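What follows is the content of model-v2.csv, which has CSV, C-alpha atoms:
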```
chain,number,residue,atom,x,y,z
A,5,MET,CA,-116.2,-182.3,46.3
A,6,SER,CA,-116.6,-181.7,50.1
A,7,ASP,CA,-116.6,-184.7,52.3
A,8,GLY,CA,-119.5,-183.5,54.5
A,9,ARG,CA,-117.4,-182.8,57.7
A,10,ALA,CA,-117.9,-179.0,57.2
A,11,VAL,CA,-121.7,-179.3,57.5
A,12,PRO,CA,-122.9,-177.5,60.7
A,13,GLU,CA,-125.1,-179.6,63.0
A,14,SER,CA,-127.8,-176.9,62.8
A,15,LEU,CA,-128.2,-177.7,59.1
A,16,ARG,CA,-128.5,-181.4,59.7
A,17,GLN,CA,-131.6,-181.3,61.9
A,18,PRO,CA,-134.6,-183.2,60.5
A,19,GLY,CA,-136.8,-180.1,60.2
A,20,LEU,CA,-134.7,-178.9,57.3
A,21,VAL,CA,-134.9,-182.2,55.3
A,22,PRO,CA,-138.0,-181.0,53.4
A,23,LEU,CA,-136.1,-178.0,52.1
A,24,TRP,CA,-133.1,-180.0,51.0
A,25,ALA,CA,-135.3,-182.6,49.4
A,26,ALA,CA,-137.3,-180.0,47.5
A,27,ALA,CA,-134.1,-178.3,46.2
A,28,ARG,CA,-132.8,-181.7,45.1
A,29,ARG,CA,-136.0,-182.5,43.2
A,30,GLN,CA,-135.7,-179.2,41.3
A,31,LEU,CA,-132.1,-180.0,40.3
A,32,ASP,CA,-132.9,-183.6,39.4
A,33,ARG,CA,-135.8,-182.3,37.2
A,34,ASN,CA,-134.2,-179.3,35.6
A,35,GLY,CA,-130.4,-179.9,35.8
A,36,ALA,CA,-127.7,-179.1,38.2
A,37,ALA,CA,-127.3,-175.6,36.8
A,38,HIS,CA,-131.0,-174.8,37.5
A,39,ARG,CA,-131.7,-171.8,39.8
A,40,GLY,CA,-135.3,-171.2,40.6
A,41,THR,CA,-137.3,-171.1,43.8
A,42,VAL,CA,-138.8,-173.7,46.2
A,43,ALA,CA,-141.6,-173.2,48.8
A,44,THR,CA,-140.4,-172.5,52.3
A,45,PRO,CA,-141.3,-175.6,54.3
A,46,ASP,CA,-143.4,-175.3,57.5
A,47,VAL,CA,-140.6,-176.1,60.0
A,48,ALA,CA,-140.2,-176.2,63.8
A,49,PRO,CA,-138.9,-173.0,65.5
A,50,SER,CA,-135.3,-174.4,65.8
A,51,ALA,CA,-135.2,-175.2,62.1
A,52,SER,CA,-136.7,-171.9,61.2
A,53,LEU,CA,-134.0,-170.1,63.2
A,54,ALA,CA,-131.3,-172.2,61.6
A,55,LEU,CA,-132.6,-171.4,58.1
A,56,GLN,CA,-132.9,-167.6,58.9
A,57,SER,CA,-129.4,-167.7,60.3
A,58,LEU,CA,-128.2,-169.4,57.1
A,59,LEU,CA,-129.9,-167.0,54.8
A,60,GLY,CA,-129.2,-163.9,56.9
A,61,ARG,CA,-132.8,-162.6,56.7
A,62,PRO,CA,-136.3,-163.4,57.8
A,63,LEU,CA,-138.0,-166.3,56.0
A,64,ARG,CA,-140.3,-165.6,53.0
A,65,ARG,CA,-142.9,-167.8,51.3
A,66,ARG,CA,-140.3,-169.1,48.8
A,67,VAL,CA,-136.5,-169.6,49.0
A,68,ALA,CA,-134.4,-168.7,45.9
A,69,LEU,CA,-132.0,-171.5,45.1
A,70,ALA,CA,-129.4,-168.9,44.1
A,71,ASP,CA,-129.6,-167.4,47.6
A,72,LEU,CA,-129.5,-170.9,49.2
A,73,GLU,CA,-126.4,-171.8,47.1
A,74,GLU,CA,-124.6,-168.6,48.1
A,75,ALA,CA,-125.2,-169.2,51.8
A,76,LEU,CA,-124.2,-172.9,51.7
A,77,VAL,CA,-121.0,-172.2,49.7
A,78,ALA,CA,-120.2,-169.4,52.2
A,79,ARG,CA,-120.5,-172.0,55.0
A,80,ALA,CA,-118.2,-174.4,53.1
A,81,VAL,CA,-121.0,-177.0,52.9
A,82,GLY,CA,-120.1,-177.5,49.2
A,83,HIS,CA,-118.6,-175.8,46.2
A,84,ASP,CA,-122.0,-175.3,44.6
A,85,LEU,CA,-125.6,-176.1,45.3
A,86,ASP,CA,-125.5,-179.6,43.9
A,87,ASP,CA,-122.4,-180.5,45.9
A,88,ALA,CA,-123.8,-178.9,49.1
A,89,LEU,CA,-127.1,-180.9,48.8
A,90,THR,CA,-125.1,-184.1,48.3
A,91,ASN,CA,-123.1,-183.4,51.5
A,92,LEU,CA,-126.4,-182.7,53.3
A,93,GLY,CA,-127.5,-186.3,52.5
A,94,HIS,CA,-129.4,-185.6,49.2
A,95,PRO,CA,-127.3,-186.7,46.3
A,96,PRO,CA,-128.6,-186.7,42.7
A,97,SER,CA,-130.8,-189.7,41.8
A,98,PRO,CA,-129.1,-192.1,39.4
A,99,ALA,CA,-131.8,-191.7,36.8
A,100,ALA,CA,-131.5,-187.9,36.9
A,101,ALA,CA,-127.7,-188.1,36.6
A,102,VAL,CA,-128.0,-190.3,33.5
A,103,ARG,CA,-130.7,-188.0,32.1
A,104,HIS,CA,-128.7,-184.9,32.6
A,105,GLU,CA,-125.5,-186.5,31.2
A,106,THR,CA,-127.5,-187.5,28.1
A,107,SER,CA,-128.9,-184.0,27.8
A,108,GLU,CA,-125.5,-182.4,28.1
A,109,ARG,CA,-124.0,-184.8,25.5
A,110,LYS,CA,-126.8,-183.9,23.1
A,111,ALA,CA,-126.3,-180.2,23.6
A,112,ALA,CA,-122.6,-180.5,23.1
A,113,ALA,CA,-123.2,-182.5,19.9
A,114,ARG,CA,-125.6,-179.8,18.7
A,115,ARG,CA,-123.2,-177.0,19.4
A,116,ALA,CA,-120.4,-178.9,17.7
A,117,LEU,CA,-122.5,-179.4,14.6
A,118,GLU,CA,-123.7,-175.8,14.5
A,119,ALA,CA,-120.1,-174.5,14.8
A,120,THR,CA,-118.9,-176.8,12.0
A,121,VAL,CA,-121.5,-175.7,9.5
A,122,GLU,CA,-121.3,-172.0,10.4
A,123,GLY,CA,-119.0,-171.2,7.5
A,124,TRP,CA,-120.6,-173.5,4.9
A,125,PRO,CA,-121.6,-171.5,1.8
A,126,GLU,CA,-124.8,-173.6,1.0
A,127,PRO,CA,-128.0,-171.8,2.1
A,128,TRP,CA,-129.4,-175.2,3.2
A,129,ALA,CA,-126.5,-175.9,5.6
A,130,ARG,CA,-128.3,-175.0,8.8
A,131,GLY,CA,-131.4,-176.8,7.7
A,132,TRP,CA,-129.4,-179.9,7.0
A,133,ALA,CA,-127.8,-179.7,10.5
A,134,GLU,CA,-131.2,-179.3,12.1
A,135,GLY,CA,-132.6,-182.2,10.0
A,136,ILE,CA,-129.9,-184.7,11.1
A,137,ARG,CA,-130.2,-183.5,14.7
A,138,ARG,CA,-134.0,-184.1,14.6
A,139,ALA,CA,-133.4,-187.5,13.0
A,140,GLY,CA,-131.3,-188.5,16.0
A,141,LEU,CA,-128.2,-189.1,14.0
A,142,ILE,CA,-125.8,-187.3,16.3
A,143,ALA,CA,-127.6,-187.5,19.7
A,144,ASP,CA,-125.4,-190.4,21.1
A,145,LEU,CA,-122.1,-189.1,19.7
A,146,PRO,CA,-119.4,-187.1,21.4
A,147,ALA,CA,-118.8,-183.6,20.1
A,148,ALA,CA,-115.5,-184.4,18.6
A,149,GLU,CA,-117.0,-187.2,16.5
A,150,VAL,CA,-119.8,-185.0,15.4
A,151,THR,CA,-117.3,-182.4,14.2
A,152,GLN,CA,-115.3,-185.1,12.3
A,153,LEU,CA,-118.4,-186.5,10.6
A,154,ALA,CA,-119.6,-183.0,9.5
A,155,ASP,CA,-116.1,-182.3,8.2
A,156,ASP,CA,-116.3,-185.6,6.2
A,157,VAL,CA,-119.5,-184.4,4.6
A,158,ARG,CA,-117.8,-181.2,3.7
A,159,ARG,CA,-114.9,-183.0,2.1
A,160,LEU,CA,-117.3,-185.1,0.0
A,161,LEU,CA,-119.2,-182.0,-1.1
A,162,ASP,CA,-116.0,-180.3,-2.1
A,163,ARG,CA,-114.6,-183.2,-4.2
A,164,PRO,CA,-114.1,-182.5,-7.9
A,165,ASN,CA,-117.1,-182.8,-10.1
A,166,GLY,CA,-117.5,-186.0,-12.2
A,167,SER,CA,-118.9,-189.4,-11.8
A,168,THR,CA,-117.0,-191.7,-9.5
A,169,SER,CA,-117.8,-195.0,-7.8
A,170,ARG,CA,-119.0,-194.8,-4.2
A,171,THR,CA,-116.2,-197.1,-3.0
A,172,GLU,CA,-113.6,-195.0,-4.7
A,173,VAL,CA,-114.9,-191.9,-3.1
A,174,ALA,CA,-114.9,-193.6,0.2
A,175,ALA,CA,-111.3,-194.9,-0.1
A,176,GLN,CA,-109.9,-191.7,-1.5
A,177,LEU,CA,-111.6,-189.4,1.0
A,178,PHE,CA,-111.8,-191.5,4.2
A,179,GLY,CA,-109.2,-194.3,3.8
A,180,SER,CA,-111.7,-197.2,3.5
A,181,ALA,CA,-113.8,-198.5,0.6
A,182,HIS,CA,-116.5,-199.2,3.2
A,183,ALA,CA,-116.6,-195.7,4.7
A,184,LEU,CA,-119.8,-194.9,2.8
A,185,ASP,CA,-121.5,-198.2,3.1
A,186,PRO,CA,-125.3,-198.0,3.6
A,187,GLY,CA,-126.1,-198.2,7.3
A,188,THR,CA,-123.0,-196.2,8.4
A,189,ARG,CA,-123.4,-192.9,10.2
A,190,ARG,CA,-121.3,-191.1,7.7
A,191,ALA,CA,-123.5,-192.4,4.8
A,192,ALA,CA,-126.6,-191.3,6.6
A,193,LEU,CA,-125.3,-187.7,7.0
A,194,VAL,CA,-124.1,-187.6,3.4
A,195,THR,CA,-127.6,-188.9,2.2
A,196,HIS,CA,-129.3,-186.0,4.1
A,197,ALA,CA,-126.9,-183.5,2.5
A,198,LEU,CA,-127.4,-185.0,-1.0
A,199,ARG,CA,-131.2,-184.7,-0.7
A,200,ARG,CA,-130.7,-181.0,0.0
A,201,LEU,CA,-128.2,-180.7,-2.9
A,202,VAL,CA,-130.0,-182.6,-5.7
A,203,GLY,CA,-133.6,-183.1,-4.7
A,204,SER,CA,-136.0,-185.7,-3.4
A,205,LEU,CA,-134.6,-188.9,-4.9
A,206,GLU,CA,-133.8,-191.9,-2.7
A,207,GLY,CA,-131.3,-194.7,-2.5
A,208,ARG,CA,-129.0,-195.4,-5.5
A,209,GLU,CA,-130.7,-192.7,-7.7
A,210,LEU,CA,-130.0,-190.0,-5.1
A,211,TRP,CA,-126.3,-190.8,-5.0
A,212,GLU,CA,-126.0,-191.2,-8.8
A,213,ALA,CA,-127.6,-187.8,-9.3
A,214,ALA,CA,-124.7,-186.4,-7.3
A,215,GLY,CA,-122.2,-188.2,-9.5
A,216,ILE,CA,-121.5,-191.0,-6.9
A,217,LEU,CA,-122.1,-194.4,-8.5
A,218,PRO,CA,-122.4,-197.7,-6.7
A,219,ASP,CA,-120.0,-199.0,-9.4
A,220,GLN,CA,-120.1,-199.2,-13.2
A,221,VAL,CA,-121.1,-202.8,-13.6
A,222,SER,CA,-124.1,-203.3,-11.2
A,223,ALA,CA,-127.5,-201.8,-12.0
A,224,PRO,CA,-127.1,-202.4,-15.8
A,225,ALA,CA,-129.7,-201.6,-18.5
A,226,LEU,CA,-131.8,-204.6,-19.5
A,227,THR,CA,-132.5,-204.5,-23.2
A,228,TRP,CA,-134.3,-206.5,-25.9
A,229,GLN,CA,-133.7,-206.3,-29.6
A,230,LEU,CA,-131.6,-203.2,-29.8
A,231,PRO,CA,-130.7,-202.7,-33.5
A,232,ALA,CA,-127.1,-201.7,-32.9
A,233,HIS,CA,-124.8,-200.5,-35.6
A,234,GLY,CA,-121.0,-200.7,-35.6
A,235,GLU,CA,-118.3,-203.3,-35.1
A,236,ASN,CA,-117.2,-202.5,-31.6
A,237,PRO,CA,-117.5,-205.2,-29.0
A,238,VAL,CA,-120.7,-203.9,-27.4
A,239,ALA,CA,-122.5,-203.7,-30.8
A,240,GLN,CA,-121.4,-207.2,-31.6
A,241,GLN,CA,-122.6,-208.5,-28.3
A,242,ILE,CA,-126.0,-206.8,-28.8
A,243,ARG,CA,-126.4,-208.3,-32.2
A,244,ALA,CA,-125.4,-211.7,-30.9
A,245,SER,CA,-128.1,-211.5,-28.2
A,246,ASN,CA,-130.6,-210.4,-30.8
A,247,ASP,CA,-129.7,-213.4,-33.0
A,248,GLY,CA,-130.0,-215.7,-29.9
A,249,GLN,CA,-133.3,-214.2,-29.0
A,250,VAL,CA,-132.3,-213.4,-25.4
A,251,PRO,CA,-132.4,-210.2,-23.4
A,252,LEU,CA,-129.1,-208.5,-22.7
A,253,HIS,CA,-127.8,-206.5,-19.7
A,254,LEU,CA,-125.5,-203.6,-20.7
A,255,SER,CA,-123.3,-202.2,-18.0
A,256,LEU,CA,-122.4,-198.6,-17.6
A,257,TYR,CA,-118.8,-199.5,-18.0
A,258,ALA,CA,-119.4,-201.2,-21.3
A,259,ILE,CA,-121.5,-198.4,-22.9
A,260,ARG,CA,-119.2,-195.7,-21.7
A,261,ARG,CA,-116.4,-197.4,-23.6
A,262,PHE,CA,-118.5,-198.2,-26.6
A,263,ALA,CA,-121.5,-196.0,-27.2
A,264,VAL,CA,-124.6,-197.7,-28.6
A,265,ILE,CA,-125.7,-196.4,-32.0
A,266,VAL,CA,-129.0,-197.3,-33.7
A,267,PRO,CA,-130.6,-196.1,-37.0
A,268,ALA,CA,-132.2,-192.7,-36.8
A,269,GLY,CA,-136.0,-193.0,-36.3
A,270,THR,CA,-135.8,-196.3,-34.4
A,271,PRO,CA,-138.7,-196.6,-32.0
A,272,VAL,CA,-137.6,-197.6,-28.6
A,273,PHE,CA,-140.1,-198.6,-25.9
A,274,VAL,CA,-138.8,-197.9,-22.4
A,275,VAL,CA,-140.8,-199.5,-19.6
A,276,GLU,CA,-140.6,-199.4,-15.8
A,277,ASN,CA,-140.5,-203.1,-15.0
A,278,PRO,CA,-138.1,-205.8,-16.2
A,279,ARG,CA,-141.0,-208.3,-16.5
A,280,ILE,CA,-142.1,-206.5,-19.6
A,281,VAL,CA,-138.7,-207.1,-21.3
A,282,GLU,CA,-138.9,-210.7,-20.2
A,283,ALA,CA,-142.4,-211.1,-21.6
A,284,ALA,CA,-141.3,-209.5,-24.9
A,285,ALA,CA,-138.5,-212.1,-25.1
A,286,GLU,CA,-140.9,-214.9,-24.3
A,287,GLN,CA,-143.3,-213.8,-27.0
A,288,GLN,CA,-140.5,-212.9,-29.4
A,289,VAL,CA,-141.8,-209.4,-29.9
A,290,SER,CA,-139.9,-207.6,-32.7
A,291,ALA,CA,-139.9,-204.2,-31.0
A,292,CYS,CA,-136.9,-202.8,-29.1
A,293,VAL,CA,-137.6,-202.7,-25.4
A,294,ILE,CA,-135.6,-201.4,-22.5
A,295,ALA,CA,-136.4,-201.7,-18.7
A,296,ALA,CA,-135.8,-198.7,-16.5
A,297,ASN,CA,-136.3,-200.9,-13.5
A,298,GLY,CA,-137.9,-198.2,-11.4
A,299,ASN,CA,-136.0,-195.0,-11.2
A,300,PRO,CA,-133.5,-195.4,-14.0
A,301,SER,CA,-129.9,-196.1,-13.0
A,302,THR,CA,-127.0,-194.2,-14.6
A,303,ALA,CA,-126.5,-197.1,-17.0
A,304,VAL,CA,-130.1,-196.7,-18.2
A,305,THR,CA,-130.0,-192.9,-18.5
A,306,THR,CA,-126.6,-193.1,-20.3
A,307,LEU,CA,-128.0,-195.6,-22.8
A,308,LEU,CA,-131.1,-193.5,-23.4
A,309,GLY,CA,-128.9,-190.5,-24.0
A,310,GLN,CA,-126.9,-192.4,-26.6
A,311,LEU,CA,-130.0,-193.6,-28.3
A,312,ARG,CA,-131.5,-190.1,-28.4
A,313,ALA,CA,-128.2,-188.7,-29.8
A,314,ALA,CA,-128.5,-191.4,-32.6
A,315,GLY,CA,-132.0,-190.1,-33.5
A,316,ALA,CA,-134.1,-192.9,-31.9
A,317,ARG,CA,-137.7,-192.1,-31.0
A,318,LEU,CA,-138.0,-192.9,-27.3
A,319,HIS,CA,-141.3,-193.8,-25.7
A,320,TYR,CA,-142.0,-194.4,-22.0
A,321,HIS,CA,-144.5,-196.4,-20.1
A,322,GLY,CA,-144.7,-197.1,-16.4
A,323,ASP,CA,-147.0,-198.1,-13.6
A,324,PHE,CA,-150.1,-196.1,-12.9
A,325,ASP,CA,-149.3,-195.2,-9.3
A,326,THR,CA,-147.8,-192.1,-7.7
A,327,PRO,CA,-144.1,-193.3,-8.0
A,328,GLY,CA,-144.7,-194.6,-11.5
A,329,ILE,CA,-146.4,-191.3,-12.7
A,330,ALA,CA,-143.6,-189.3,-11.0
A,331,ILE,CA,-141.0,-191.4,-12.9
A,332,CYS,CA,-142.9,-190.9,-16.1
A,333,ASN,CA,-142.8,-187.1,-15.4
A,334,ARG,CA,-139.1,-187.2,-15.0
A,335,MET,CA,-138.7,-189.2,-18.2
A,336,HIS,CA,-140.9,-186.7,-20.0
A,337,GLN,CA,-138.7,-183.9,-18.8
A,338,GLY,CA,-135.7,-185.9,-20.0
A,339,GLY,CA,-137.0,-186.0,-23.6
A,340,LEU,CA,-138.9,-189.3,-23.7
A,341,ALA,CA,-142.5,-189.3,-25.0
A,342,PRO,CA,-145.0,-190.8,-22.6
A,343,TRP,CA,-146.7,-193.7,-24.4
A,344,ARG,CA,-150.1,-195.2,-23.5
A,345,MET,CA,-149.8,-193.1,-20.3
A,346,GLY,CA,-152.8,-190.9,-20.7
A,347,GLY,CA,-156.0,-190.5,-18.8
A,348,ALA,CA,-157.9,-192.7,-21.3
A,349,ASP,CA,-155.3,-195.4,-21.0
A,350,TYR,CA,-155.6,-195.4,-17.2
A,351,LEU,CA,-159.4,-195.6,-17.4
A,352,ALA,CA,-159.2,-198.5,-19.9
A,353,ALA,CA,-156.9,-200.4,-17.6
A,354,LEU,CA,-159.4,-199.9,-14.7
A,355,ARG,CA,-162.2,-201.2,-16.9
A,356,ARG,CA,-160.1,-204.3,-17.8
A,357,ALA,CA,-159.5,-204.9,-14.1
A,358,ASP,CA,-163.2,-204.5,-13.3
A,359,ALA,CA,-164.1,-207.0,-16.1
A,360,THR,CA,-161.9,-209.6,-14.6
A,361,THR,CA,-163.0,-208.7,-11.0
A,362,THR,CA,-159.4,-207.9,-10.2
A,363,VAL,CA,-159.2,-206.0,-6.9
A,364,LEU,CA,-156.7,-203.2,-7.1
A,365,ALA,CA,-154.9,-201.5,-4.2
A,366,ARG,CA,-155.4,-197.8,-3.7
A,367,ASP,CA,-152.7,-195.1,-3.6
A,368,THR,CA,-153.2,-192.3,-1.1
A,369,ALA,CA,-150.0,-190.4,-1.9
A,370,GLU,CA,-150.0,-187.1,-3.7
A,371,CYS,CA,-149.9,-187.5,-7.5
A,372,VAL,CA,-147.7,-185.1,-9.5
A,373,ASP,CA,-149.2,-183.2,-12.5
A,374,THR,CA,-149.0,-184.9,-15.9
A,375,PRO,CA,-148.4,-182.1,-18.4
A,376,TRP,CA,-148.3,-184.5,-21.3
A,377,ASP,CA,-151.9,-185.3,-20.6
A,378,PRO,CA,-153.5,-183.5,-17.6
A,379,SER,CA,-156.5,-185.8,-17.7
A,380,LEU,CA,-154.2,-188.6,-16.3
A,381,ALA,CA,-153.6,-186.8,-13.0
A,382,GLY,CA,-157.2,-185.9,-12.8
A,383,ALA,CA,-158.4,-189.5,-13.4
A,384,PHE,CA,-155.8,-190.9,-11.0
A,385,ARG,CA,-156.7,-188.5,-8.2
A,386,ALA,CA,-160.3,-189.3,-8.6
A,387,ASP,CA,-160.0,-193.1,-8.5
A,388,ARG,CA,-156.5,-193.8,-7.0
A,389,ARG,CA,-156.5,-197.5,-7.9
A,390,ILE,CA,-153.0,-198.7,-8.8
A,391,VAL,CA,-152.4,-200.4,-12.2
A,392,HIS,CA,-149.0,-202.0,-12.5
A,393,GLU,CA,-147.6,-202.7,-16.0
A,394,GLU,CA,-147.7,-206.5,-15.3
A,395,LEU,CA,-151.5,-206.3,-15.3
A,396,ILE,CA,-151.7,-205.0,-18.9
A,397,VAL,CA,-148.5,-206.6,-20.3
A,398,ASP,CA,-150.4,-208.3,-23.2
A,399,ASP,CA,-151.9,-204.9,-24.2
A,400,LEU,CA,-148.4,-203.3,-24.1
A,401,LEU,CA,-146.8,-206.0,-26.2
A,402,ALA,CA,-149.6,-206.0,-28.8
A,403,ALA,CA,-149.2,-202.2,-29.1
A,404,MET,CA,-145.4,-202.5,-29.5
A,405,THR,CA,-145.9,-205.1,-32.2
A,406,ALA,CA,-148.4,-202.9,-34.1
A,407,ALA,CA,-146.2,-199.8,-33.9
A,408,PRO,CA,-144.4,-198.8,-37.1
A,409,ARG,CA,-140.8,-200.0,-37.4
A,410,GLN,CA,-137.8,-197.8,-38.0
A,411,PRO,CA,-137.2,-196.4,-41.5
```

Could you quickly redo this structure as structure tokens?
Amino acid sequence: MSDGRAVPESLRQPGLVPLWAAARRQLDRNGAAHRGTVATPDVAPSASLALQSLLGRPLRRRVALADLEEALVARAVGHDLDDALTNLGHPPSPAAAVRHETSERKAAARRALEATVEGWPEPWARGWAEGIRRAGLIADLPAAEVTQLADDVRRLLDRPNGSTSRTEVAAQLFGSAHALDPGTRRAALVTHALRRLVGSLEGRELWEAAGILPDQVSAPALTWQLPAHGENPVAQQIRASNDGQVPLHLSLYAIRRFAVIVPAGTPVFVVENPRIVEAAAEQQVSACVIAANGNPSTAVTTLLGQLRAAGARLHYHGDFDTPGIAICNRMHQGGLAPWRMGGADYLAALRRADATTTVLARDTAECVDTPWDPSLAGAFRADRRIVHEELIVDDLLAAMTAAPRQP
């Protein structure tokens, strides 16, 4: 940068200060690379002559910053317009400098991300990059770190198929079991990619759908009175819990080692909330009940797959709200029969709430279609009051008790 000693005295006169100040305001507002025009100030004759001499032509209504820069550089006032204005006593404002530095960092991060995903085969790659940029996940990162994080996502997507624990994936790919911990930048970028890859799930369910498990012992399946056959350790444990009249958690690790087998035709009631299993135990209901605990974990879906393979009749009940109906829809697509999840059941639950003057919250979210009973979607969209399973737990347990047992 010049030290200011090359600035001619004719350019230092006060009459030209408005021109230098206007040019600086333009650069502060639009960036040091900006080249537009500024209005020619109304200056004294001496300043006008100095400016005409600088530009080498008569003055016009506006001065082009590119022309001004060319003239100032030719006079060795600075190596560019920004430098010349600084030497003329008009340096960048601190706020503008920070703003432009931030803007350039964001632009560099965006360019790095776009360059990294350019060769990705997925049709959603550019949309993913734009999504994480709009979410502000890379704005404060240097370009090299953005490139590294995008490469990390690519490595995860390219890993061999198959279910693996999240900590194992993190350790094997990135050298630390905590590299994919929730809250980390890498985990956030991967989460956005998995949504594009497997659909609109969230949290644990999203990662599990991509074959990345939290582990094989957490998020177990909560069960009550499974009539398990066989002499393997899991079957013996199930029968012991049945004899003791206590619910049992079955981990994914356990049922992957020892599949659960029940008599063909066994009715199994799958519910959304663990409280229903707890209530079944408290009332010593003879029916077999399993809690999905919201969106079912891999342990739950694995167990249900084993029971379906054994010939069990799987029924599903959930909350009457948009998430609950959506889960029921996925369960229905997975081969479970919605049970007491029709339009008439929803209206009966509303009447029960009205009879007890129970005030129900309303759900404004969009409800999915209910192909097993279209009247449910229609009734819910018309009323929108939420009925959780806990409100009708006694009705559910009575219906389970009255249901025919297995052959």

Show me, as a VMD selection string, the residues that have an atom within 12 Å of Ser290 (chain A) when counting only C-alpha atoms, minus same-chain residues fewer than 6 positions from it.
chain A and resid 228 to 231 246 to 247 249 271 to 273 281 283 to 284 401 to 410

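Counting all atoms listed in the file and comparing A:Ala111, A:Leu318, A:Ala352, A:Leu254, the residue that lies closest to Ala268 (chain A) is A:Leu318.
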
Set the distance at 8 Å and use all atoms listed in the file: which residues neighbour Asp144 (chain A) once local chain neighbours fewer than 6 positions away are removed? I'd like the list as a list in words.
Thr106, Arg109 and Lys110 of chain A

If we count only C-alpha atoms, what is near Val275 (chain A) at a cut-off of 12 Å, once residues fewer than 5 positions away on the same chain are taken out, given as a ChimeraX atom specification?
/A:225-228,280-284,292-300,304,318-324,328,331-332,335,340-345,392-394,397,400-401,404

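For Gly347 (chain A), the set of protein, DNA and RNA residues having any atom at most 12 Å away, when counting all atoms listed in the file and skipping those fewer than 4 positions along the same chain, is Phe324, Ile329, Pro342, Trp343, Leu351, Ala352, Ala353, Leu354, Asp373, Thr374, Pro375, Trp376, Asp377, Pro378, Ser379, Leu380, Ala381, Gly382, Ala383, Phe384, Arg385, Ala386 and Asp387 of chain A.
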
Writer output for current selection, C-alpha atoms, as a PDB file, keeping the file's coordinate frame:
```pdb
ATOM      1  CA  PHE A 324    -150.100-196.100 -12.900  1.00  0.00           C
ATOM      2  CA  ILE A 329    -146.400-191.300 -12.700  1.00  0.00           C
ATOM      3  CA  PRO A 342    -145.000-190.800 -22.600  1.00  0.00           C
ATOM      4  CA  TRP A 343    -146.700-193.700 -24.400  1.00  0.00           C
ATOM      5  CA  LEU A 351    -159.400-195.600 -17.400  1.00  0.00           C
ATOM      6  CA  ALA A 352    -159.200-198.500 -19.900  1.00  0.00           C
ATOM      7  CA  ALA A 353    -156.900-200.400 -17.600  1.00  0.00           C
ATOM      8  CA  LEU A 354    -159.400-199.900 -14.700  1.00  0.00           C
ATOM      9  CA  ASP A 373    -149.200-183.200 -12.500  1.00  0.00           C
ATOM     10  CA  THR A 374    -149.000-184.900 -15.900  1.00  0.00           C
ATOM     11  CA  PRO A 375    -148.400-182.100 -18.400  1.00  0.00           C
ATOM     12  CA  TRP A 376    -148.300-184.500 -21.300  1.00  0.00           C
ATOM     13  CA  ASP A 377    -151.900-185.300 -20.600  1.00  0.00           C
ATOM     14  CA  PRO A 378    -153.500-183.500 -17.600  1.00  0.00           C
ATOM     15  CA  SER A 379    -156.500-185.800 -17.700  1.00  0.00           C
ATOM     16  CA  LEU A 380    -154.200-188.600 -16.300  1.00  0.00           C
ATOM     17  CA  ALA A 381    -153.600-186.800 -13.000  1.00  0.00           C
ATOM     18  CA  GLY A 382    -157.200-185.900 -12.800  1.00  0.00           C
ATOM     19  CA  ALA A 383    -158.400-189.500 -13.400  1.00  0.00           C
ATOM     20  CA  PHE A 384    -155.800-190.900 -11.000  1.00  0.00           C
ATOM     21  CA  ARG A 385    -156.700-188.500  -8.200  1.00  0.00           C
ATOM     22  CA  ALA A 386    -160.300-189.300  -8.600  1.00  0.00           C
ATOM     23  CA  ASP A 387    -160.000-193.100  -8.500  1.00  0.00           C
TER      24      ASP A 387
END
```

What lies within 9 Å of Thr306 (chain A) using only C-alpha atoms, ignoring chain neighbours under 5 positions off, as a VMD selection string?
chain A and resid 256 259 to 260 301 311

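The space between CA of Ala258 (chain A) and CA of Val238 (chain A) spans 6.8 Å.
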